[in-house]
2 protein chains.
Amino acid sequence: MFIRILGSAAGGGFPQLNCNCRNCADVRAGKPGFRPRTQSSVAVSRDGQNWVLLNASPDLRQQIAATPALAPSRQSGLRTSPIKAAVVTNGDVDHVAGLLSLREGIAFTLYASQRVLATLAANSIFNVLDERLVPRVALNAGQATELTAGGIGLGLTVEAFPVPGKIALYLEDPAAGPSLGSQAGDTVGLRIADAASGAAFFYIPGCAGVDAALAARLRGARLVLFDGTLYTDAEMLAQGLSAKTGKRMGHISMSGPDGAIAAFRGLGVERRVFVHVNNTNPVLREDSPERAEVEAAGWAVAFDGMEIRL
Amino acid sequence: MFIRILGSAAGGGFPQLNCNCRNCADVRAGKPGFRPRTQSSVAVSRDGQNWVLLNASPDLRQQIAATPALAPSRQSGLRTSPIKAAVVTNGDVDHVAGLLSLREGIAFTLYASQRVLATLAANSIFNVLDERLVPRVALNAGQATELTAGGIGLGLTVEAFPVPGKIALYLEDPAAGPSLGSQAGDTVGLRIADAASGAAFFYIPGCAGVDAALAARLRGARLVLFDGTLYTDAEMLAQGLSAKTGKRMGHISMSGPDGAIAAFRGLGVERRVFVHVNNTNPVLREDSPERAEVEAAGWAVAFDGMEIRL
């Protein structure tokens with residue numbers, strides 16, 4: 001499998017267009033030790049010819065332009081794309097808005113949980129994706145689905161499973177109490193497998209915590225791309241940028257006793273990569289002690305254009 | 001007034017991510033005589049400090065990153081943006097999807113026709129723009145409205161007026177007959193004026209034809225930014241890319257007896273600039289006879305980053 005990180009930042013990207021935090025100001029000024037990052041999306045392919053998007057970020061057009069493998073092949077017609085499918089893990093703007101960039105007659109299959117498909121169906125703007133070209137397929141929790149396009153298998157299976165998290169910001173219902181109206185399927189993780197070899201990895205860009213079920217699922221995995229939004233739960237409050245903690249936003253932190261680094265200790269996951277990194281996260285500063293700590297714990301911090309073969 | 005073309009291409013941009021037409025293949029290959037172009041958006045400012053977006057394209061985050069004047073000022077706080085308002089001319093994806101990129105707590109005023117505001121209200125994804133930060137103001141046809149943000153005037157007025165056109169693609173209703181369900185307000189043109197000096201220009205990125213009312217309105221204008229989608233009505237059919245004519249898509253052509261160049265002849269418009277240029281349009285090839293013809297007729301073809309002062 002070919003895995004390519006198209007965008008490694010959380011919602012807003014890095015820099016975020018309205019943010020003057022130390023990280024954003026420094027990356028905008030072109031200081032060394034910083035890489036700009038676009039928003040959260042991954043491409044995966046079994047054969048290097050046909051590609052599947054894992055989430056479609058608002059930056060998708062720019063991401064595709066930066067990725068020669070995603071350009072239309074000169075041999076395959078006037079209007080064509082190697083993008084054959086897209087799998088969406090939740091209804092957040094940073095994961096679905098890019099679907100609108102796939103509107104110019106591209107034929108692909110769209111996979112998501114029933115909950116997320118219902119949200120897309122309730123928003124008429126997504127009707128710009130003509131159902132005759134873009135069938136929508138519900139992923140049932142805990143069931144591996146073969147990814148196909150136009151009835152032809154892409155050599156990959158995907159299994160979606162609910163993870164601790166919350167409903168998309170624009171659907172939050174404060175009247176529903178602390179759950180904000182979240183239900184199973186609002187945020188899922190994915191297990192992507194090579195149908196022939198059985199090689200597999202996990203993609204979990206949004207996750208509020210690692211419970212026993214998730215830990216059991218991830219044990220011994222070869223590769224996990226995991227929610228790296230924040231380094232500490234209160235970092236946006238501490239920087240004066242937001243009144244919300246990571247927990248309130250549905251994101252686990254990297255550090256601390258409840259954090260991802262601690263939760264993965266002892267799980268025997270071979271390769272651990274943080275994706276969906278927020279602009280406030282100190283690991284984006286390459287010479288920071290937090291970056292050193294994350295790397296010392298055996299984690300990598302994804303960057304745009306990062307390639308992994310499995 | 002400072003006017004900056006953020007994106008000069010029609011929907012899909014140039015190159016379009018799934019297009020292998022001659023223009024797209026050549027610009028993708030980096031051939032000389034071609035400039036890549038992002039999708040349709042303009043920024044305008046009275047003072048060079050506070051900016052108003054005219055349409056918000058899916059490429060908005062990339063466009064802002066390429067425009068130092070739109071970066072947050074280091075003096076004005078941790079989370080801030082010089083973007084104080086956005087005016088939308090229709091509900092097309094290429095004109096509204098970028099609103100989703102203004103979601104990270106930016107306070108601005110959103111102006112559109114009642115028809116377009118109703119479409120945004122019917123799509124819950126736009127609730128990511130918190131009404132307390134982003135008030136939505138309906139533009140009444142034929143009435144100049146002072147643009148404000150947080151109650152403070154931006155020194156500009158905008159007048160919206162219906163132009164021949166159609167409803168957004170994703171709202172088309174084939175059962176309604178040839179109108180596809182279009183009503184007044186689905187596509188508007190804008191007249192933007194400097195409230196102090198009275199200097200004014202027109203912005204009309206989508207327009208199916210120049211009728212007598214529109215011709216009368218534009219007569220003697222100092223500057224018109226006008227729909228330059230296609231060179232000839234059937235160019236997408238002729239290139240084997242689409243079954244639709246320009247007329248079916250709600251766009252006048254540049255050339256021909258019914259085209260924009262002919263319609264503007266005799267109107268005495270001082271400066272005429274084509275915006276919203278489709279990737280199939282031969283004028284994107286800088287050494288083409290069509291480009292020479294357009295320029296000989298006194299028109300400019302907009303490019304990303306083009307600046308005009310008025």
# chains A, B, ... in the order shown; residues from 1 in each chain; ligands from 1
>>> select_by_dssp(residues="segment 3-154 of chain B", states="helix (DSSP H, G or I)", output="PyMOL selection string")
chain B and resi 22-28+60-65+68-70+93-102+114-122+124-128
>>> interface_residues(of="chain B", to="chain A", cutoff="8 Å", atoms="only C-alpha atoms", output="JSON, numbers by chain")
{"B": [12, 17, 18, 19, 20, 21, 58, 59, 61, 62, 64, 65, 71, 72, 73, 74, 77, 78, 79, 80, 81, 93, 97, 100, 101, 104, 106, 122, 123, 124, 125, 126, 127, 128, 169, 170, 171, 240, 241]}
>>> write_last_selection(atoms="C-alpha atoms", output="PDB file, in the first residue's frame")
ATOM      1  CA  GLY B  12     -12.814  23.993 -10.866  1.00  0.00           C
ATOM      2  CA  LEU B  17      -8.177  18.647 -10.993  1.00  0.00           C
ATOM      3  CA  ASN B  18      -9.780  16.106 -13.336  1.00  0.00           C
ATOM      4  CA  CYS B  19      -9.204  17.837 -16.681  1.00  0.00           C
ATOM      5  CA  ASN B  20      -6.810  16.890 -19.467  1.00  0.00           C
ATOM      6  CA  CYS B  21      -7.975  19.471 -21.996  1.00  0.00           C
ATOM      7  CA  PRO B  58     -13.234  27.019  -2.232  1.00  0.00           C
ATOM      8  CA  ASP B  59      -9.606  28.193  -2.626  1.00  0.00           C
ATOM      9  CA  ARG B  61      -7.487  29.748   2.437  1.00  0.00           C
ATOM     10  CA  GLN B  62      -4.810  29.422  -0.266  1.00  0.00           C
ATOM     11  CA  ILE B  64      -5.444  34.522   1.712  1.00  0.00           C
ATOM     12  CA  ALA B  65      -2.073  32.848   2.294  1.00  0.00           C
ATOM     13  CA  ALA B  71      -2.880  38.294   7.002  1.00  0.00           C
ATOM     14  CA  PRO B  72      -3.827  39.139  10.580  1.00  0.00           C
ATOM     15  CA  SER B  73      -2.055  42.282  11.771  1.00  0.00           C
ATOM     16  CA  ARG B  74       0.471  41.652  14.566  1.00  0.00           C
ATOM     17  CA  GLY B  77      -4.681  40.687  18.838  1.00  0.00           C
ATOM     18  CA  LEU B  78      -4.165  36.961  18.898  1.00  0.00           C
ATOM     19  CA  ARG B  79      -7.123  35.989  16.747  1.00  0.00           C
ATOM     20  CA  THR B  80      -7.972  38.639  14.194  1.00  0.00           C
ATOM     21  CA  SER B  81      -8.446  39.159  10.481  1.00  0.00           C
ATOM     22  CA  VAL B  93     -20.105  26.211  -4.823  1.00  0.00           C
ATOM     23  CA  ALA B  97     -17.751  27.150  -0.222  1.00  0.00           C
ATOM     24  CA  LEU B 100     -16.542  27.516   5.452  1.00  0.00           C
ATOM     25  CA  SER B 101     -12.892  28.625   5.630  1.00  0.00           C
ATOM     26  CA  GLU B 104     -12.484  29.865  13.135  1.00  0.00           C
ATOM     27  CA  ILE B 106     -13.744  35.405  12.578  1.00  0.00           C
ATOM     28  CA  ALA B 122     -31.163  25.499   4.610  1.00  0.00           C
ATOM     29  CA  ASN B 123     -27.649  23.986   4.696  1.00  0.00           C
ATOM     30  CA  SER B 124     -26.698  23.357   8.330  1.00  0.00           C
ATOM     31  CA  ILE B 125     -22.990  23.141   7.506  1.00  0.00           C
ATOM     32  CA  PHE B 126     -22.955  26.957   7.274  1.00  0.00           C
ATOM     33  CA  ASN B 127     -24.033  27.089  10.936  1.00  0.00           C
ATOM     34  CA  VAL B 128     -20.314  26.674  11.581  1.00  0.00           C
ATOM     35  CA  LEU B 169     -26.366  23.712 -10.007  1.00  0.00           C
ATOM     36  CA  TYR B 170     -27.184  21.730  -6.858  1.00  0.00           C
ATOM     37  CA  LEU B 171     -30.610  23.432  -6.620  1.00  0.00           C
ATOM     38  CA  GLY B 240     -15.793  16.898 -25.862  1.00  0.00           C
ATOM     39  CA  LEU B 241     -15.859  17.928 -22.200  1.00  0.00           C
TER      40      LEU B 241
END
>>> residues_around(residues="Thr145 of chain A", least_positions_apart="2", cutoff="10 Å", atoms="only C-alpha atoms", output="PyMOL selection string")
chain A and resi 111+137-140+142-143+147-148+156-160+192-193
>>> select_by_dssp(residues="segment 94-220 of chain A", states="strand (DSSP E)", output="PyMOL selection string")
chain A and resi 109-112+136-138+144-149+152-162+188-194+200-204
>>> residues_around(residues="segment 244-259 of chain B", least_positions_apart="2", cutoff="7 Å", atoms="only C-alpha atoms", output="PyMOL selection string")
chain B and resi 165-166+206-209+228-234+236-237+242+261-263
>>> write_last_selection(atoms="C-alpha atoms", output="PDB file, in the first residue's frame")
ATOM      1  CA  GLY B 165     -28.733  33.866 -14.913  1.00  0.00           C
ATOM      2  CA  LYS B 166     -29.809  30.726 -13.157  1.00  0.00           C
ATOM      3  CA  GLY B 206     -21.987  35.233 -13.583  1.00  0.00           C
ATOM      4  CA  CYS B 207     -24.344  36.590 -16.205  1.00  0.00           C
ATOM      5  CA  ALA B 208     -26.295  34.882 -18.993  1.00  0.00           C
ATOM      6  CA  GLY B 209     -26.708  37.951 -21.191  1.00  0.00           C
ATOM      7  CA  GLY B 228     -15.522  35.656 -18.839  1.00  0.00           C
ATOM      8  CA  THR B 229     -16.355  31.977 -18.447  1.00  0.00           C
ATOM      9  CA  LEU B 230     -16.343  30.915 -22.108  1.00  0.00           C
ATOM     10  CA  TYR B 231     -15.048  32.304 -25.374  1.00  0.00           C
ATOM     11  CA  THR B 232     -17.735  30.585 -27.463  1.00  0.00           C
ATOM     12  CA  ASP B 233     -21.070  29.197 -26.289  1.00  0.00           C
ATOM     13  CA  ALA B 234     -20.373  25.629 -27.446  1.00  0.00           C
ATOM     14  CA  MET B 236     -17.134  22.693 -23.912  1.00  0.00           C
ATOM     15  CA  LEU B 237     -19.156  20.580 -26.345  1.00  0.00           C
ATOM     16  CA  SER B 242     -19.508  18.552 -21.463  1.00  0.00           C
ATOM     17  CA  ILE B 261     -17.504  42.073 -26.247  1.00  0.00           C
ATOM     18  CA  ALA B 262     -20.289  42.988 -28.681  1.00  0.00           C
ATOM     19  CA  ALA B 263     -22.715  43.907 -25.894  1.00  0.00           C
TER      20      ALA B 263
END
>>> residues_around(residues="Pro162 of chain A", least_positions_apart="2", cutoff="6 Å", atoms="only C-alpha atoms", output="ChimeraX atom specification")
/A:184-185,188
>>> closest_residue(among="B:Pro205, B:Gly181, B:Gly33, B:Pro174", to="Gly7 of chain B", atoms="only C-alpha atoms")
B:Pro205
>>> atom_distance(atom1="atom CA of Leu223 of chain A", atom2="atom CA of Ala195 of chain A")
16.4 Å
>>> atom_distance(atom1="atom CA of Gln49 of chain B", atom2="atom CA of Phe202 of chain B")
21.4 Å
